Amino acid sequence: MNITVKALNRTALLACAPFLGVMIWLLLSDMVIQLSAEAFPKPVTEQARLPESDISPAAAGLDLAQETASQTRESIQRQIKLYQQTNADMAKISSMAASQAMKPLQIYDRNITRRLGNASATVESDKLRAQLFYIKAENFTAYALKVKLKSKDAMTMSLGGDELGKAESTLAAVNRHGAVAGVNAGGFADGRGKRYPLSTTIVDGSYATGFEPPHADLFFVGLNDQNELIGGKFASKAQLDAEKPKFGASFVPVLLRGGAPQPIPMKWQTSPKRAPRTVVANYKDDQLLFLVADGYNESGSSGATLGEMQLLLQRYGAVDGYNLDGGGSSSLIFNGRVINKPSDGVLRKLPTHFLFFK
């Protein structure tokens, strides 16, 4: 069948005509469309609101938690206060214990110091306490230097000019090293225009002259690495090394052992009988005591005997005592001053010196 375009258009127009008419009527009419009340949701009123949940259990839990936190805080504060108080009490107890532990040493020091008399001068620092005393004996005048070493570098022994074979006065050694005090040390032997330390000599932990077995009443005396006085006749280098010596020198003879006087060989009782003397000793608390006695010369007519030096050491409560080089070698320097009266008129140049530093 033949359908023309014209016929198709007519057919479409006829099909759409009813709809076009309705639309034109709606646009031209005053019709109002109303919805019923049921079409809208009802407003929520106070009466219509959902019932609120009961929060009183949660509030009570919060109150309990707050109370618990407050109690915990107070408990922690009490614990902190108790901890602080305990620390303070422990520190006080520790201080009291340390003070009580020191009392016997303080009493001991007071007792041995009282025997020496009143100190004429004192030097005290973190390194040492050095006290100088003047002694008037029946036959001579002497001086005592009591030293408490607080540091391992508070005392040393130096070689004259810091070189083996050289010599200098104790005052020169004190000034050169910046020491506060100095005392002459071991004996010496001269040779080829030089002055050498006698027998075994140790400086800065090393043997300056090599080890020499004891003979002719010679002994070694010095300090170990704990600032303790060590001395005696050591039969071998191993025996001396076991004492861990830092420094020391040799001379004759031993005067005291454990507070008891040692026999003085007849040779040293009479050669010379009286003379300027220098001795070194220790106390039970490891303090050191140096005694230097004056004499006019080395002829044996003035100064102290070795027996008298023994008696002084015992009177002052010393434990071990050793005779050092005497005569014109006796030298005591304190605070830059020469304290003793050198029998030579001037200080002798020596190869070894004990020096003290503040």
# chains A, B, ... in the order shown; residues from 1 in each chain; ligands from 1
>>> residues_around(residues="stretch 215-226 of chain A", least_positions_apart="3", cutoff="7 Å", atoms="only C-alpha atoms", output="VMD selection string")
chain A and resid 200 229 to 233 243 to 253
>>> write_last_selection(atoms="N, CA and C atoms", output="compact mmCIF listing (two decimals), in the first residue's frame")
# COMPACT_ATOMS: atom_id res chain seq x y z
N THR A 200 118.72 2.33 94.56
CA THR A 200 117.45 2.26 93.83
C THR A 200 116.68 3.57 93.95
N LEU A 229 102.79 5.15 102.17
CA LEU A 229 104.23 5.07 102.34
C LEU A 229 104.68 3.60 102.32
N ILE A 230 105.64 3.31 101.47
CA ILE A 230 106.21 1.95 101.41
C ILE A 230 107.71 2.08 101.64
N GLY A 231 108.29 1.11 102.32
CA GLY A 231 109.72 1.19 102.56
C GLY A 231 110.28 -0.09 103.14
N GLY A 232 111.58 -0.22 103.07
CA GLY A 232 112.24 -1.39 103.61
C GLY A 232 113.30 -1.90 102.66
N LYS A 233 113.79 -3.08 103.00
CA LYS A 233 114.83 -3.72 102.19
C LYS A 233 114.16 -4.75 101.28
N GLU A 243 104.79 -3.80 95.23
CA GLU A 243 104.27 -2.69 96.05
C GLU A 243 103.74 -1.54 95.20
N LYS A 244 103.92 -1.62 93.87
CA LYS A 244 103.46 -0.61 92.92
C LYS A 244 103.96 0.80 93.28
N PRO A 245 105.29 0.96 93.35
CA PRO A 245 105.84 2.26 93.74
C PRO A 245 105.66 3.32 92.65
N LYS A 246 105.28 4.53 93.05
CA LYS A 246 105.22 5.66 92.12
C LYS A 246 106.56 6.39 92.08
N PHE A 247 107.16 6.52 93.26
CA PHE A 247 108.47 7.19 93.35
C PHE A 247 109.09 6.82 94.69
N GLY A 248 110.39 7.04 94.78
CA GLY A 248 111.08 6.77 96.03
C GLY A 248 112.58 6.82 95.86
N ALA A 249 113.29 6.85 97.00
CA ALA A 249 114.74 6.96 97.01
C ALA A 249 115.32 6.03 98.07
N SER A 250 116.63 6.03 98.19
CA SER A 250 117.30 5.12 99.12
C SER A 250 118.23 5.86 100.07
N PHE A 251 118.25 5.32 101.33
CA PHE A 251 119.23 5.81 102.30
C PHE A 251 119.29 4.82 103.46
N VAL A 252 119.84 5.22 104.60
CA VAL A 252 120.02 4.35 105.78
C VAL A 252 119.76 5.16 107.05
N PRO A 253 119.38 4.52 108.14
CA PRO A 253 118.79 3.18 108.26
C PRO A 253 117.28 3.28 108.52
>>> closest_residue(among="A:His353, A:Leu62, A:Leu145, A:Gly307", to="A:Ala275", atoms="only C-alpha atoms")
A:Gly307
>>> select_by_dssp(residues="stretch 136-281 of chain A", states="alpha helix (DSSP H)", output="list in words")
Thr170, Leu171, Ala172, Ala173, Val174, Asn175, Arg176, His177, Lys237, Ala238, Gln239, Leu240, Asp241, Met266, Lys267, Trp268, Gln269 and Thr270 of chain A
>>> write_last_selection(atoms="N, CA and C atoms", output="mmCIF file, in the first residue's frame")
data_model
loop_
_atom_site.group_PDB
_atom_site.id
_atom_site.type_symbol
_atom_site.label_atom_id
_atom_site.label_comp_id
_atom_site.auth_asym_id
_atom_site.auth_seq_id
_atom_site.Cartn_x
_atom_site.Cartn_y
_atom_site.Cartn_z
ATOM 1 N N THR A 170 116.581 22.206 97.066
ATOM 2 C CA THR A 170 115.152 21.910 97.221
ATOM 3 C C THR A 170 114.318 23.142 96.921
ATOM 4 N N LEU A 171 114.814 24.316 97.303
ATOM 5 C CA LEU A 171 114.082 25.552 96.993
ATOM 6 C C LEU A 171 113.971 25.753 95.491
ATOM 7 N N ALA A 172 115.058 25.490 94.762
ATOM 8 C CA ALA A 172 115.022 25.628 93.298
ATOM 9 C C ALA A 172 114.028 24.644 92.695
ATOM 10 N N ALA A 173 114.005 23.419 93.220
ATOM 11 C CA ALA A 173 113.063 22.410 92.715
ATOM 12 C C ALA A 173 111.624 22.820 92.999
ATOM 13 N N VAL A 174 111.375 23.347 94.206
ATOM 14 C CA VAL A 174 110.038 23.823 94.568
ATOM 15 C C VAL A 174 109.593 24.934 93.623
ATOM 16 N N ASN A 175 110.454 25.894 93.407
ATOM 17 C CA ASN A 175 110.103 27.029 92.545
ATOM 18 C C ASN A 175 109.916 26.593 91.095
ATOM 19 N N ARG A 176 110.768 25.709 90.629
ATOM 20 C CA ARG A 176 110.696 25.298 89.227
ATOM 21 C C ARG A 176 109.424 24.503 88.930
ATOM 22 N N HIS A 177 108.976 23.720 89.903
ATOM 23 C CA HIS A 177 107.787 22.876 89.697
ATOM 24 C C HIS A 177 106.504 23.522 90.224
ATOM 25 N N LYS A 237 113.689 -6.988 92.493
ATOM 26 C CA LYS A 237 112.884 -5.990 91.784
ATOM 27 C C LYS A 237 111.418 -6.410 91.786
ATOM 28 N N ALA A 238 111.167 -7.707 91.623
ATOM 29 C CA ALA A 238 109.787 -8.191 91.629
ATOM 30 C C ALA A 238 109.111 -7.903 92.961
ATOM 31 N N GLN A 239 109.853 -8.039 94.044
ATOM 32 C CA GLN A 239 109.296 -7.777 95.369
ATOM 33 C C GLN A 239 108.936 -6.297 95.522
ATOM 34 N N LEU A 240 109.785 -5.428 95.020
ATOM 35 C CA LEU A 240 109.483 -3.994 95.081
ATOM 36 C C LEU A 240 108.359 -3.636 94.119
ATOM 37 N N ASP A 241 108.372 -4.208 92.931
ATOM 38 C CA ASP A 241 107.318 -3.926 91.952
ATOM 39 C C ASP A 241 105.942 -4.317 92.473
ATOM 40 N N MET A 266 125.681 0.276 114.635
ATOM 41 C CA MET A 266 126.656 1.071 115.385
ATOM 42 C C MET A 266 127.310 2.141 114.519
ATOM 43 N N LYS A 267 127.561 1.801 113.268
ATOM 44 C CA LYS A 267 128.210 2.768 112.370
ATOM 45 C C LYS A 267 127.416 4.055 112.295
ATOM 46 N N TRP A 268 126.072 3.924 112.222
ATOM 47 C CA TRP A 268 125.231 5.108 112.036
ATOM 48 C C TRP A 268 124.903 5.792 113.362
ATOM 49 N N GLN A 269 125.290 5.169 114.477
ATOM 50 C CA GLN A 269 125.110 5.826 115.768
ATOM 51 C C GLN A 269 126.220 6.841 116.055
ATOM 52 N N THR A 270 127.353 6.598 115.413
ATOM 53 C CA THR A 270 128.529 7.428 115.743
ATOM 54 C C THR A 270 129.111 8.196 114.567
#
>>> residues_around(residues="stretch 336-341 of chain A", least_positions_apart="4", cutoff="7 Å", atoms="only C-alpha atoms", output="PyMOL selection string")
chain A and resi 180+294+331-332
>>> select_by_dssp(residues="stretch 95-278 of chain A", states="strand (DSSP E)", output="short mmCIF file (atom, residue, chain, number, x, y, z; two decimals) with N, CA, C and O atoms, in the first residue's frame")
data_model
loop_
_atom_site.label_atom_id
_atom_site.label_comp_id
_atom_site.auth_asym_id
_atom_site.auth_seq_id
_atom_site.Cartn_x
_atom_site.Cartn_y
_atom_site.Cartn_z
N ALA A 121 101.73 27.22 110.69
CA ALA A 121 101.21 27.57 109.36
C ALA A 121 100.52 26.34 108.77
O ALA A 121 100.90 25.20 109.05
N THR A 122 99.48 26.60 107.98
CA THR A 122 98.72 25.52 107.35
C THR A 122 98.39 25.90 105.92
O THR A 122 98.00 27.04 105.64
N VAL A 123 98.55 24.96 105.04
CA VAL A 123 98.10 25.11 103.65
C VAL A 123 97.10 23.99 103.39
O VAL A 123 97.41 22.81 103.59
N GLU A 124 95.90 24.37 102.97
CA GLU A 124 94.87 23.35 102.70
C GLU A 124 94.20 23.63 101.38
O GLU A 124 93.87 24.78 101.06
N LEU A 128 95.62 18.66 99.23
CA LEU A 128 96.35 18.28 100.45
C LEU A 128 96.05 19.23 101.59
O LEU A 128 95.44 20.29 101.42
N ARG A 129 96.48 18.77 102.76
CA ARG A 129 96.56 19.66 103.92
C ARG A 129 97.97 19.50 104.47
O ARG A 129 98.39 18.40 104.84
N ALA A 130 98.72 20.59 104.52
CA ALA A 130 100.10 20.58 105.02
C ALA A 130 100.19 21.51 106.21
O ALA A 130 99.81 22.68 106.12
N GLN A 131 100.68 20.97 107.33
CA GLN A 131 100.80 21.75 108.57
C GLN A 131 102.25 21.78 109.03
O GLN A 131 102.93 20.75 109.05
N LEU A 132 102.70 22.97 109.38
CA LEU A 132 104.07 23.17 109.82
C LEU A 132 104.11 23.41 111.33
O LEU A 132 103.33 24.21 111.87
N PHE A 133 105.02 22.71 112.00
CA PHE A 133 105.17 22.83 113.45
C PHE A 133 106.64 23.11 113.79
O PHE A 133 107.54 22.58 113.13
N TYR A 134 106.85 23.92 114.84
CA TYR A 134 108.19 24.17 115.36
C TYR A 134 108.38 23.33 116.63
O TYR A 134 107.50 23.29 117.50
N ILE A 135 109.53 22.65 116.72
CA ILE A 135 109.79 21.74 117.84
C ILE A 135 111.07 22.18 118.55
O ILE A 135 112.11 22.38 117.91
N LYS A 136 110.97 22.31 119.85
CA LYS A 136 112.14 22.65 120.65
C LYS A 136 112.49 21.44 121.52
O LYS A 136 111.84 21.16 122.53
N THR A 141 116.91 22.10 117.78
CA THR A 141 115.65 22.66 117.26
C THR A 141 115.26 21.86 116.02
O THR A 141 116.11 21.52 115.19
N ALA A 142 113.98 21.57 115.91
CA ALA A 142 113.51 20.78 114.76
C ALA A 142 112.21 21.35 114.24
O ALA A 142 111.57 22.22 114.86
N TYR A 143 111.78 20.81 113.12
CA TYR A 143 110.55 21.24 112.45
C TYR A 143 109.80 20.00 111.99
O TYR A 143 110.41 19.01 111.58
N ALA A 144 108.50 20.07 112.06
CA ALA A 144 107.67 18.95 111.62
C ALA A 144 106.74 19.41 110.51
O ALA A 144 106.14 20.50 110.59
N LEU A 145 106.63 18.61 109.49
CA LEU A 145 105.68 18.85 108.40
C LEU A 145 104.74 17.65 108.34
O LEU A 145 105.15 16.55 107.99
N LYS A 146 103.49 17.88 108.73
CA LYS A 146 102.48 16.80 108.68
C LYS A 146 101.61 17.03 107.43
O LYS A 146 101.06 18.12 107.25
N VAL A 147 101.51 16.00 106.60
CA VAL A 147 100.85 16.16 105.31
C VAL A 147 99.77 15.11 105.13
O VAL A 147 100.03 13.90 105.26
N LYS A 148 98.57 15.58 104.83
CA LYS A 148 97.47 14.69 104.45
C LYS A 148 97.28 14.83 102.94
O LYS A 148 96.90 15.90 102.45
N LEU A 149 97.56 13.76 102.21
CA LEU A 149 97.42 13.79 100.75
C LEU A 149 95.98 13.43 100.38
O LEU A 149 95.48 12.37 100.76
N MET A 155 101.69 14.83 95.58
CA MET A 155 103.09 14.68 95.96
C MET A 155 103.83 13.92 94.88
O MET A 155 103.27 13.03 94.23
N THR A 156 105.09 14.27 94.70
CA THR A 156 105.93 13.56 93.75
C THR A 156 107.39 13.66 94.22
O THR A 156 107.69 14.31 95.22
N MET A 157 108.26 13.01 93.50
CA MET A 157 109.69 13.15 93.74
C MET A 157 110.35 13.54 92.43
O MET A 157 110.09 12.91 91.39
N SER A 158 111.17 14.56 92.47
CA SER A 158 111.79 15.04 91.23
C SER A 158 113.29 14.81 91.26
O SER A 158 113.93 14.76 92.32
N LEU A 159 113.85 14.66 90.07
CA LEU A 159 115.31 14.64 89.91
C LEU A 159 115.80 16.07 89.78
O LEU A 159 115.10 16.94 89.22
N ALA A 181 105.54 23.03 98.96
CA ALA A 181 106.50 22.61 99.98
C ALA A 181 107.45 21.59 99.37
O ALA A 181 107.16 20.97 98.33
N GLY A 182 108.59 21.42 100.04
CA GLY A 182 109.58 20.45 99.55
C GLY A 182 110.49 20.01 100.68
O GLY A 182 110.76 20.76 101.62
N VAL A 183 110.97 18.75 100.58
CA VAL A 183 111.89 18.18 101.56
C VAL A 183 112.93 17.39 100.78
O VAL A 183 112.61 16.74 99.77
N ASN A 184 114.17 17.41 101.26
CA ASN A 184 115.21 16.61 100.60
C ASN A 184 114.88 15.13 100.69
O ASN A 184 114.23 14.68 101.64
N PHE A 188 123.15 10.45 97.94
CA PHE A 188 123.73 10.65 96.60
C PHE A 188 125.19 10.22 96.59
O PHE A 188 125.83 10.03 97.64
N ALA A 189 125.69 10.09 95.39
CA ALA A 189 127.12 9.77 95.19
C ALA A 189 127.63 10.63 94.04
O ALA A 189 126.96 10.75 93.00
N ASP A 190 128.78 11.23 94.23
CA ASP A 190 129.36 12.09 93.18
C ASP A 190 130.33 11.29 92.30
O ASP A 190 131.02 10.38 92.78
N GLY A 191 130.36 11.65 91.04
CA GLY A 191 131.28 11.01 90.11
C GLY A 191 131.32 11.73 88.79
O GLY A 191 130.27 12.09 88.22
N LYS A 194 129.38 14.87 88.30
CA LYS A 194 127.92 14.80 88.40
C LYS A 194 127.53 14.24 89.76
O LYS A 194 128.34 13.65 90.47
N ARG A 195 126.26 14.43 90.10
CA ARG A 195 125.74 13.97 91.38
C ARG A 195 124.57 13.01 91.11
O ARG A 195 123.52 13.42 90.58
N TYR A 196 124.75 11.76 91.48
CA TYR A 196 123.77 10.72 91.16
C TYR A 196 123.01 10.26 92.42
O TYR A 196 123.60 10.21 93.52
N PRO A 197 121.74 9.91 92.26
CA PRO A 197 121.00 9.36 93.40
C PRO A 197 121.64 8.05 93.86
O PRO A 197 122.16 7.28 93.06
N ILE A 202 113.28 5.62 92.05
CA ILE A 202 112.14 5.54 91.12
C ILE A 202 111.51 6.92 90.99
O ILE A 202 111.22 7.58 91.99
N VAL A 203 111.29 7.34 89.76
CA VAL A 203 110.65 8.62 89.46
C VAL A 203 109.54 8.37 88.44
O VAL A 203 109.78 7.72 87.42
N SER A 206 109.08 4.85 87.11
CA SER A 206 110.16 4.21 86.36
C SER A 206 111.46 4.25 87.16
O SER A 206 111.72 5.20 87.91
N TYR A 207 112.28 3.23 86.98
CA TYR A 207 113.57 3.16 87.67
C TYR A 207 114.55 4.13 87.00
O TYR A 207 114.88 3.98 85.83
N PHE A 219 118.02 1.05 102.39
CA PHE A 219 116.61 0.69 102.20
C PHE A 219 116.03 1.61 101.13
O PHE A 219 116.63 2.63 100.76
N PHE A 220 114.84 1.26 100.65
CA PHE A 220 114.10 2.10 99.70
C PHE A 220 112.86 2.62 100.42
O PHE A 220 112.19 1.89 101.15
N VAL A 221 112.52 3.88 100.19
CA VAL A 221 111.29 4.44 100.77
C VAL A 221 110.66 5.37 99.75
O VAL A 221 111.33 6.14 99.05
N GLY A 222 109.35 5.27 99.65
CA GLY A 222 108.61 6.10 98.70
C GLY A 222 107.12 5.92 98.88
O GLY A 222 106.66 5.41 99.91
N LEU A 223 106.36 6.28 97.87
CA LEU A 223 104.91 6.14 97.89
C LEU A 223 104.45 5.20 96.79
O LEU A 223 105.04 5.17 95.70
N ASN A 224 103.38 4.45 97.06
CA ASN A 224 102.79 3.60 96.02
C ASN A 224 101.66 4.35 95.32
O ASN A 224 101.43 5.55 95.57
N LEU A 229 102.79 5.15 102.17
CA LEU A 229 104.23 5.07 102.34
C LEU A 229 104.68 3.60 102.32
O LEU A 229 104.11 2.76 103.01
N ILE A 230 105.64 3.31 101.47
CA ILE A 230 106.21 1.95 101.41
C ILE A 230 107.71 2.08 101.64
O ILE A 230 108.34 3.05 101.21
N GLY A 231 108.29 1.11 102.32
CA GLY A 231 109.72 1.19 102.56
C GLY A 231 110.28 -0.09 103.14
O GLY A 231 109.53 -0.96 103.60
N GLY A 232 111.58 -0.22 103.07
CA GLY A 232 112.24 -1.39 103.61
C GLY A 232 113.30 -1.90 102.66
O GLY A 232 113.65 -1.27 101.66
N PRO A 245 105.29 0.96 93.35
CA PRO A 245 105.84 2.26 93.74
C PRO A 245 105.66 3.32 92.65
O PRO A 245 105.84 3.05 91.46
N LYS A 246 105.28 4.53 93.05
CA LYS A 246 105.22 5.66 92.12
C LYS A 246 106.56 6.39 92.08
O LYS A 246 107.00 6.84 91.02
N PHE A 247 107.16 6.52 93.26
CA PHE A 247 108.47 7.19 93.35
C PHE A 247 109.09 6.82 94.69
O PHE A 247 108.43 6.35 95.62
N GLY A 248 110.39 7.04 94.78
CA GLY A 248 111.08 6.77 96.03
C GLY A 248 112.58 6.82 95.86
O GLY A 248 113.11 6.82 94.73
N ALA A 249 113.29 6.85 97.00
CA ALA A 249 114.74 6.96 97.01
C ALA A 249 115.32 6.03 98.07
O ALA A 249 114.59 5.34 98.78
N SER A 250 116.63 6.03 98.19
CA SER A 250 117.30 5.12 99.12
C SER A 250 118.23 5.86 100.07
O SER A 250 118.86 6.86 99.71
N PHE A 251 118.25 5.32 101.33
CA PHE A 251 119.23 5.81 102.30
C PHE A 251 119.29 4.82 103.46
O PHE A 251 118.81 3.68 103.34
N VAL A 254 116.61 2.13 108.65
CA VAL A 254 115.20 2.09 109.06
C VAL A 254 115.13 2.43 110.55
O VAL A 254 115.91 1.91 111.36
N LEU A 255 114.19 3.29 110.93
CA LEU A 255 114.09 3.72 112.34
C LEU A 255 112.93 3.08 113.10
O LEU A 255 113.07 2.72 114.27
N LEU A 256 111.77 2.97 112.45
CA LEU A 256 110.58 2.41 113.11
C LEU A 256 109.91 1.38 112.22
O LEU A 256 109.88 1.53 110.99
N ARG A 257 109.33 0.36 112.85
CA ARG A 257 108.49 -0.62 112.15
C ARG A 257 107.29 -0.89 113.03
O ARG A 257 107.42 -1.39 114.14
N ALA A 260 107.50 0.36 116.52
CA ALA A 260 108.60 -0.14 117.37
C ALA A 260 109.93 0.33 116.82
O ALA A 260 110.18 0.25 115.61
N PRO A 261 110.83 0.82 117.66
CA PRO A 261 112.15 1.27 117.20
C PRO A 261 112.98 0.10 116.70
O PRO A 261 112.96 -0.99 117.27
N ARG A 277 119.27 16.39 110.67
CA ARG A 277 118.61 15.16 110.24
C ARG A 277 117.33 15.46 109.49
O ARG A 277 116.65 16.47 109.73
N THR A 278 116.98 14.52 108.59
CA THR A 278 115.67 14.53 107.94
C THR A 278 115.14 13.11 107.98
O THR A 278 115.83 12.18 107.56
#
>>> closest_residue(among="A:Tyr316, A:Phe356, A:Phe211, A:Tyr296", to="A:Gly328", atoms="only C-alpha atoms")
A:Tyr296
